[in-house]
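Have a look at the structure below before the remarks.
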Amino acid sequence: MSTPTDPKVLLATLYDDNHRWLRAWLYRQLKCPQDAADLTQDTFIRILDARQLNQLDEPRAFLSTVARRLLFSFWRRKRLEQTYLDSLAQLPDAYTPSEEDLALVREALESIDRLLNGLPPRVRQIFMLNRLEGLSQPVIAQQLKVSLATVERDLRRAFLHCLAESADLT
Amino acid sequence: MSQPKVDATTRAAVDWLLRLEAAAEDPSVRQAFETWLRANPQHAIAWQRVGSLLQQPIADLQRVEARSPGQLRAVTQALAAPDSESRRKVLRGSLALVLFGISGAAIFDRAQPLNGLWADRHTATGERKTFELADGSRLSLNARSSVDIHFTDTRRLVRLREGQVFVDVAADPRRPFVIATAQGEVQALGTQFMVRQEATGSLTSVQLHSVQVTTSGGSQRRVEAGEAAWFSDSDVRPVPLSVRTRADWRDGRVDIRDEPLGLLIDALRPYRRGVLRVSEQASKVRIYGVYPLDDPEQTLASLAQTFPLRISHYGPWLTLIDVR
């Protein structure tokens, strides 16, 4: 009759009972032991604050739901990074940054991508050319062969989208 | 869908940002903007919020770009690739990759400043480099400059695509050393000289010995040590020495001697991101002194202390300089 209620004890039990199972489950998705181990840890960290730990009927269903969400953003990050590295390889005179700089790029890519999420490609591109590369509106219009009004409209849309998204995050 | 979440004041700030970028030199627009900015403390808060959007990740990327050029382009391409699903499709199959590469190249502007990525040697904003070429010549590039190098058995050709280059030529009587610009060629008849590609013409100055300028229209002129010349397609003529013809940038400074502010600002531009606008009146203010290139913000601040100038920063993207 000694159902523990201390969240630390609950979490420890949940971890002991399930972490090997979860790591194997993640390994089947990822095919990489290192990534599977990392995401296993991330999953448990993510549920540290979960209030309903003592009422879990199906702990593995709960864990895999959380893990699936993490997997999704993990894959998204990987794809983003891969696209960036491929673009870099396509540019004849671009340099591959050091590991340390690559970490900065990765982080910047993710946070920009999070804000731009949901915008169509052209709007994203126009916004990045203006904000990141510092190109003026007429130069962008000329490069992309669109009207100046389109550039302005897309920029405004991107700004408002990002401002709304960043308000959500804070 | 998400747009209604943004309040009217923030929307107005976005409108101002777009409008100022397009027409910052129009004094009536600037005046109207400043009136708006001062009208209500909420306006300044909204302006700050719009200006600081993505400031951190963009600043990080620009730092990395300065060390390893090409990042900004690759990041733009990665982020502009449709959505994550189509991104994955893009990455499958090499044909898709080739197509992606071409669409990246198609948006590429030949003029400024990204063509550096295609050049043999280039420098990013705020960066200077000196290269030793295969023949032992030394080539220094100012910030935001790029060159292509074509050495053959009969000629050593360096094509200056943008910016400013200083060369210390190694002797090789069989192969003349030539720097080509959009308007013509400068052939070394000795050793040290500078060539600068400007929007409407080219400029050369000679530190040691002399050079022969030949414009694409066939005009010729010999320029001796201590002289400078400007040339277009058809015309080459001597010009007085000025901040534009000196090569102090190699030591990271600009030496300006009673010359208009506009020239100093032009020297600082390749060292700085964001829009820098100078009013017509301010650009004529005479400046004297030696200024460091590597800290343009500090240089601007000290100018404002010494000369009757007012410098207004509107977030990291827009800086206006006017007379006080």
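Chain labels follow the order of the structure tokens: the first chain is A, the next B, and so on; residue numbering restarts at 1 in every chain, and ligands are counted from 1 in their shown order.
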
>> I need the alpha helix (DSSP H) residues of stretch 3-51 of chain B per DSSP on the backbone, written as a VMD selection string.
In response: chain B and resid 8 to 23 27 to 39 41 to 51

Cut-off 7 Å: closest stretch 68-133 of chain A/stretch 150-165 of chain A atom pairs per residue, using only C-alpha atoms, as JSON lines:
{"residue": "A:Leu115", "atom": "CA", "partner": "A:Cys162", "partner_atom": "CA", "distance": 5.2}
{"residue": "A:Leu116", "atom": "CA", "partner": "A:Cys162", "partner_atom": "CA", "distance": 6.3}
{"residue": "A:Val123", "atom": "CA", "partner": "A:Asp154", "partner_atom": "CA", "distance": 5.2}
{"residue": "A:Ile126", "atom": "CA", "partner": "A:Leu155", "partner_atom": "CA", "distance": 6.7}
{"residue": "A:Phe127", "atom": "CA", "partner": "A:Leu155", "partner_atom": "CA", "distance": 5.6}

>> I'd like the contact shell of A:Glu99 - 12 Å cut-off, only C-alpha atoms, skipping same-chain residues fewer than 4 positions apart - returned as a ChimeraX atom specification.
In response: /A:103-106 /B:64,68

Take the residues that were just selected and, keeping N, CA and C atoms, output them as a PDB file, in the first residue's frame.
ATOM      1  N   ALA A 103      28.530  25.092 -34.233  1.00  0.00           N
ATOM      2  CA  ALA A 103      27.540  25.046 -33.153  1.00  0.00           C
ATOM      3  C   ALA A 103      26.739  26.348 -33.118  1.00  0.00           C
ATOM      4  N   LEU A 104      27.410  27.475 -33.333  1.00  0.00           N
ATOM      5  CA  LEU A 104      26.715  28.764 -33.383  1.00  0.00           C
ATOM      6  C   LEU A 104      25.743  28.809 -34.557  1.00  0.00           C
ATOM      7  N   VAL A 105      26.196  28.331 -35.706  1.00  0.00           N
ATOM      8  CA  VAL A 105      25.353  28.326 -36.908  1.00  0.00           C
ATOM      9  C   VAL A 105      24.117  27.474 -36.657  1.00  0.00           C
ATOM     10  N   ARG A 106      24.345  26.286 -36.085  1.00  0.00           N
ATOM     11  CA  ARG A 106      23.251  25.350 -35.814  1.00  0.00           C
ATOM     12  C   ARG A 106      22.184  26.016 -34.944  1.00  0.00           C
TER      13      ARG A 106
ATOM     14  N   VAL B  64      30.385  34.381 -37.631  1.00  0.00           N
ATOM     15  CA  VAL B  64      30.925  33.179 -38.262  1.00  0.00           C
ATOM     16  C   VAL B  64      31.285  33.484 -39.727  1.00  0.00           C
ATOM     17  N   SER B  68      34.560  32.496 -41.725  1.00  0.00           N
ATOM     18  CA  SER B  68      34.456  31.521 -42.815  1.00  0.00           C
ATOM     19  C   SER B  68      33.396  31.995 -43.799  1.00  0.00           C
TER      20      SER B  68
END

>> So that I can see what lies close to stretch 283-289 of chain B, please list as a count of residues only the residues with an atom at most 12 Å from it, counting only C-alpha atoms and leaving out residues fewer than 5 positions away in the same chain.
In response: 33

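The nearest approach to A:Arg76 among the residues A:Leu48, A:Leu109, A:Leu56, A:Leu88, with only C-alpha atoms taken into account, belongs to A:Leu109.
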
>> When you look at stretch 130-141 of chain A with a cut-off of 8 Å (counting only C-alpha atoms), what residues show up, excluding the ones that are within fewer than 2 positions of it in the same chain? I need them as a PyMOL selection string.
In response: (chain A and resi 126-128+143-148+150-152) or (chain B and resi 21-22+58+72-73+76+273-274)
